[in-house]
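Below is one structure, written out as structure tokens; the observations come after it.
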Amino acid sequence: MNAHRRSALRALGGLAALLALNPATAQMPNLIKRAIPSSGEELPVIGLGTWQVFDAGNDPAARAPLKEVLRVFFAAGGRLLDSSPMYGSSESVVGDLCSELNACEPLFMATKVWTRGREEGIREMETSFRRMKVKQMDLMQVHNLLDVATHTRTLLDWKAQGRVRHIGITHYTASAHAEVEKTLKAAPYDFLQINYSLGEREAEKRLLPLARERKVAVIANRPFAEGALFRRVRGKPLPGWAKELGIESWAQYFLKWILGHPALTAAIPGTGKAEHMADNLAAGRGSLPDEQQRRRMAAYFDSL
Ligand SMILES: NC(=O)c1ccc[n+]([C@@H]2O[C@H](COP(=O)([O-])OP(=O)(O)OC[C@H]3O[C@@H](n4cnc5c(N)ncnc54)[C@H](OP(=O)(O)O)[C@@H]3O)[C@@H](O)[C@H]2O)c1
């Protein structure tokens with residue numbers, strides 16, 4: 001092994017180094033990327049959600065496994081990290097660990113504004129910049145449409161000034177999709193973040209076609225329906241034909257099904273475990289199912 005490779009492996013450290021030493025993973029293909037329609041910038045299709053799992057406070061023991069998650073994520077070329085001031089200490093944990101790992105530069109940092117009122121929104125977003133240690137936010141989203149008209153005015157100004165690069169809205173439940181649809185038509189958002197998975201398919205009726213029509217990037221949140229999908233398939237085998245689609249686990253089955261939809265830009269599974277991160281990243285390599293394959297995958301899941 002040459003000196004350059006040795007020092008690169010030292011820099012990776014921990015589980016990521018183990019992955020790099022494994023000849024099977026050393027030659028791993030890059031993650032599939034999709035273009036953000038409004039900017040043309042390409043994003044890897046697998047991101048990382050930080051709700052609950054990254055709310056580790058200042059406890060070094062609670063932060064250590066999260067650092068491994070991020071090492072694995074960065075080693076694979078992951079970029080999109082999604083947080084919110086609603087997620088306790090997550091924004092700070094993300095900011096601190098990214099800076100410890102010296103990996104902040106090529107990242108795509110996404111967070112949210114989750115409060116009422118213009119001044120309060122500005123104060124909260126400025127706190128997010130400090131916590132995540134960025135001067136410019138790659139994506140600022142209005143969380144669950146809370147006071148969306150007020151924050152959208154601020155965000156359009158901030159985008160014009162270059163303080164944020166993209167703006168978006170988020171929600172997590174089908175009961176809000178009608179309101180999301182109305183909002184999406186009201187302003188030039190770059191991103192929609194919405195619940196979409198084999199367990200929650202409602203977005204494909206109106207929101208995903210609308211996003212395509214308006215050239216809005218889509219991030220799927222709750223890709224495992226907050227873990228419920230794993231409980232649903234516990235003890236059930238993958239179908240024999242899953243291997244032909246490059247699928248080795250249920251997580252990859254769920255994620256590839258989501259990402260096969262042409263409106264999708266990325267999915268952001270949440271995990272606090274490095275081995276789950278590696279599993280999820282594998283769904284972003286190789287090929288993605290076409291419409292017919294997705295129908296077969298959904299039918300098999302529904303039959304369980
Ligand atoms: N309104 C909003 O804006 C909104 C709402 C909801 C979510 N979100 C965003 O979307 C992200 C994802 O949603 P979510 O975290 O609620 O749910 P999720 O990603 O659907 O599911 C997370 C659960 O799946 C487990 N998991 C992850 N990878 C796994 C794997 N390979 N094998 C087995 N289990 C696995 C995790 O446990 P382990 O830790 O054990 O892996 C965790 O319990 C959030 O973190 C957040 O960033 C946004």
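The way I read the labels, and the way they are meant: chains A, B, ... in the order of the structure tokens, residue 1 as the first residue of every chain, and ligand 1 as the first ligand shown, with later ones counted on from there.
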Checklist line | Residue neighbourhood region 93-110 of chain A, 7 Å, only C-alpha atoms, exclusion window fewer than 5 positions, as a ChimeraX atom specification | finding: /A:54,56-57,67,79-83,131-133,137-140
Note to self: From a backbone DSSP assignment, name each residue in region 115-216 of chain A labelled helix (DSSP H, G or I), as a ChimeraX atom specification.
What the structure shows: /A:118-132,143-145,148-161,174-184,202-204,207-213
Please provide the set of residues having any atom within 9 Å of Leu198 (chain A), restricted to only C-alpha atoms, with same-chain residues fewer than 6 positions apart removed, written as a CSV table (one decimal) with N, CA and C atoms, in the first residue's frame.
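This went into selection.csv:
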chain,number,residue,atom,x,y,z
A,223,PRO,N,-38.7,7.6,4.6
A,223,PRO,CA,-38.7,6.6,3.6
A,223,PRO,C,-39.0,5.2,4.1
A,224,PHE,N,-38.8,5.0,5.4
A,224,PHE,CA,-39.2,3.7,6.0
A,224,PHE,C,-40.4,3.8,6.9
A,225,ALA,N,-41.2,4.9,6.6
A,225,ALA,CA,-42.4,5.2,7.5
A,225,ALA,C,-42.0,5.2,9.0
A,229,LEU,N,-42.0,0.1,8.2
A,229,LEU,CA,-41.9,-0.8,7.1
A,229,LEU,C,-41.0,-2.0,7.5
A,254,PHE,N,-36.9,-0.8,-0.1
A,254,PHE,CA,-37.7,0.3,0.1
A,254,PHE,C,-37.2,1.6,-0.6
A,257,TRP,N,-37.2,1.5,-4.5
A,257,TRP,CA,-38.6,1.7,-5.0
A,257,TRP,C,-38.9,3.2,-5.0
A,258,ILE,N,-38.6,4.0,-3.9
A,258,ILE,CA,-38.8,5.4,-3.9
A,258,ILE,C,-38.1,6.1,-5.0
A,298,ALA,N,-44.2,-3.1,-5.5
A,298,ALA,CA,-45.3,-2.7,-4.7
A,298,ALA,C,-46.3,-3.8,-4.5
A,301,PHE,N,-44.8,-6.3,-2.0
A,301,PHE,CA,-44.9,-5.7,-0.6
A,301,PHE,C,-46.4,-5.8,-0.1
A,302,ASP,N,-47.3,-5.5,-1.0
A,302,ASP,CA,-48.7,-5.5,-0.6
A,302,ASP,C,-49.2,-6.9,-0.3
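When only C-alpha atoms and all ligand atoms are used to compute distances to ligand 1, the closest of the residues A:Gly270, A:Pro37, A:Gly117, A:Gly284 turns out to be A:Gly270.
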Margin query: Neighbours of ligand 1 at 7 Å or closer, counting only C-alpha atoms and all ligand atoms: which residues, as a count of residues only?
Written below: 33
Next item on the list: Might you pull out every residue within 12 Å of Ser38 (chain A), with only C-alpha atoms counted and same-chain residues fewer than 6 positions away left off, and present them as a VMD selection string?
Entry: chain A and resid 165 to 168 188 to 191 211 to 218 265
Convert the current residue selection to file output with C-alpha atoms, as an mmCIF file, in the first residue's frame.
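Listed below is the output, out-v8.cif:
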data_model
loop_
_atom_site.group_PDB
_atom_site.id
_atom_site.type_symbol
_atom_site.label_atom_id
_atom_site.label_comp_id
_atom_site.auth_asym_id
_atom_site.auth_seq_id
_atom_site.Cartn_x
_atom_site.Cartn_y
_atom_site.Cartn_z
ATOM 1 C CA ARG A 165 -28.937 28.697 -2.225
ATOM 2 C CA HIS A 166 -32.284 26.888 -2.435
ATOM 3 C CA ILE A 167 -35.610 27.252 -0.657
ATOM 4 C CA GLY A 168 -38.330 24.698 0.024
ATOM 5 C CA PRO A 188 -41.021 29.527 -6.823
ATOM 6 C CA TYR A 189 -39.734 26.866 -4.413
ATOM 7 C CA ASP A 190 -36.694 24.800 -5.401
ATOM 8 C CA PHE A 191 -37.541 21.836 -3.170
ATOM 9 C CA ALA A 211 -43.346 18.910 -8.610
ATOM 10 C CA ARG A 212 -42.267 17.617 -12.019
ATOM 11 C CA GLU A 213 -44.460 20.148 -13.785
ATOM 12 C CA ARG A 214 -43.092 23.054 -11.725
ATOM 13 C CA LYS A 215 -39.499 21.758 -11.875
ATOM 14 C CA VAL A 216 -39.257 21.344 -8.110
ATOM 15 C CA ALA A 217 -36.768 18.879 -6.615
ATOM 16 C CA VAL A 218 -38.314 16.267 -4.299
ATOM 17 C CA THR A 265 -34.254 13.800 -6.310
#
Next item on the list: Find, counting only C-alpha atoms, the residue in A:Pro289, A:Gly77, A:Gly40, A:Pro85 that gets nearest to Lys243 (chain A).
Entry: A:Pro289
Margin query: I'd like the neighbourhood of Leu245 (chain A) as a ChimeraX atom specification, where a residue qualifies if any of its atoms comes within 9 Å (using only C-alpha atoms), though same-chain residues fewer than 2 positions away should be ignored.
Written below: /A:241-243,247-248,253,256,286-289,293
Store the residues of this selection in a file with N, CA and C atoms, as a compact mmCIF listing (two decimals), in the first residue's frame.
# COMPACT_ATOMS: atom_id res chain seq x y z
N TRP A 241 -36.40 -12.38 -7.23
CA TRP A 241 -35.98 -11.48 -8.30
C TRP A 241 -35.36 -10.16 -7.79
N ALA A 242 -35.35 -9.94 -6.47
CA ALA A 242 -34.79 -8.68 -5.94
C ALA A 242 -33.31 -8.54 -6.33
N LYS A 243 -32.59 -9.67 -6.31
CA LYS A 243 -31.15 -9.64 -6.65
C LYS A 243 -30.90 -9.08 -8.05
N ILE A 247 -30.72 -5.61 -5.28
CA ILE A 247 -31.25 -5.39 -3.93
C ILE A 247 -30.84 -6.55 -3.00
N GLU A 248 -30.18 -6.17 -1.88
CA GLU A 248 -29.68 -7.20 -0.96
C GLU A 248 -30.37 -7.13 0.41
N TYR A 253 -34.57 -2.35 -0.82
CA TYR A 253 -35.84 -2.54 -1.55
C TYR A 253 -36.71 -1.29 -1.39
N LYS A 256 -34.86 1.89 -3.11
CA LYS A 256 -34.82 1.84 -4.59
C LYS A 256 -36.23 2.06 -5.17
N GLY A 286 -25.76 1.39 -8.58
CA GLY A 286 -26.28 0.46 -9.59
C GLY A 286 -27.43 1.09 -10.34
N SER A 287 -28.51 0.31 -10.50
CA SER A 287 -29.64 0.85 -11.27
C SER A 287 -30.83 1.07 -10.35
N LEU A 288 -31.80 1.80 -10.87
CA LEU A 288 -33.06 2.01 -10.13
C LEU A 288 -34.19 1.38 -10.93
N PRO A 289 -35.22 0.89 -10.24
CA PRO A 289 -36.30 0.21 -10.95
C PRO A 289 -37.10 1.14 -11.86
N GLN A 293 -41.09 -2.39 -12.96
CA GLN A 293 -40.44 -3.05 -11.83
C GLN A 293 -40.96 -2.51 -10.50
Checklist line | Two-atom distance - CA of Glu275 (chain A), CA of Lys236 (chain A) (Å) | finding: 20.6 Å
Next item on the list: Name the closest residue to Glu291 (chain A) among the candidates A:His261, A:Phe129, A:Ser90, A:Gln141; distances are taken between atoms, counting only C-alpha atoms.
Entry: A:His261
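Among the candidate residues A:Arg123, A:Lys112, A:Arg296, A:Arg163, the one lying nearest to Lys135 (chain A) is A:Arg163, with distances computed using only C-alpha atoms.
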Next item on the list: Please identify all polymer residues within 10 Å of Val113 (chain A), counting only C-alpha atoms, omitting same-chain residues fewer than 6 positions from it, and present them as an MDAnalysis selection string.
Entry: chainID A and resid 84:86 120:126 128 140:148 151 155 169
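If you look at CA of Val45 (chain A) and CA of Glu200 (chain A), they are 19.1 Å away from each other.
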Margin query: Can you tell me which residues surround Leu281 (chain A) at a distance of at most 9 Å, considering only C-alpha atoms, apart from same-chain residues fewer than 6 positions away, and format the answer as a ChimeraX atom specification?
Written below: /A:31,45-47,72-73,76,78,252
Requested write-out: N, CA and C atoms of the selected residues, as a compact mmCIF listing (two decimals), in the first residue's frame:
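Result file part.txt:
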# COMPACT_ATOMS: atom_id res chain seq x y z
N LEU A 31 -22.30 6.94 -6.03
CA LEU A 31 -23.75 7.05 -5.85
C LEU A 31 -24.39 7.67 -7.10
N VAL A 45 -28.40 10.54 -4.58
CA VAL A 45 -29.80 10.25 -4.26
C VAL A 45 -30.03 9.81 -2.80
N ILE A 46 -28.98 9.40 -2.12
CA ILE A 46 -29.14 9.05 -0.70
C ILE A 46 -28.57 10.16 0.17
N GLY A 47 -29.45 10.71 1.01
CA GLY A 47 -29.04 11.70 2.00
C GLY A 47 -29.19 11.09 3.38
N VAL A 72 -18.98 7.02 7.29
CA VAL A 72 -19.42 6.10 6.23
C VAL A 72 -20.12 6.88 5.12
N PHE A 73 -20.94 7.82 5.52
CA PHE A 73 -21.69 8.65 4.57
C PHE A 73 -20.73 9.43 3.65
N ALA A 76 -18.61 7.42 1.16
CA ALA A 76 -19.36 6.96 -0.02
C ALA A 76 -19.71 8.11 -0.97
N GLY A 78 -21.63 10.81 0.12
CA GLY A 78 -22.89 11.41 0.56
C GLY A 78 -22.73 12.90 0.80
N GLN A 252 -32.80 -1.56 1.14
CA GLN A 252 -32.50 -1.23 -0.27
C GLN A 252 -33.75 -1.36 -1.13
Margin query: Using DSSP secondary structure from the backbone, list all strand (DSSP E or B) positions within region 79-272 of chain A, as a PyMOL selection string.
Written below: chain A and resi 80-82+108-113+137-142+164-170+191-195+197+200+217-221+266-267+270
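Atom pair CA of Tyr300 (chain A) / CA of Arg231 (chain A) has a distance of 15.8 Å (rounded to one decimal).
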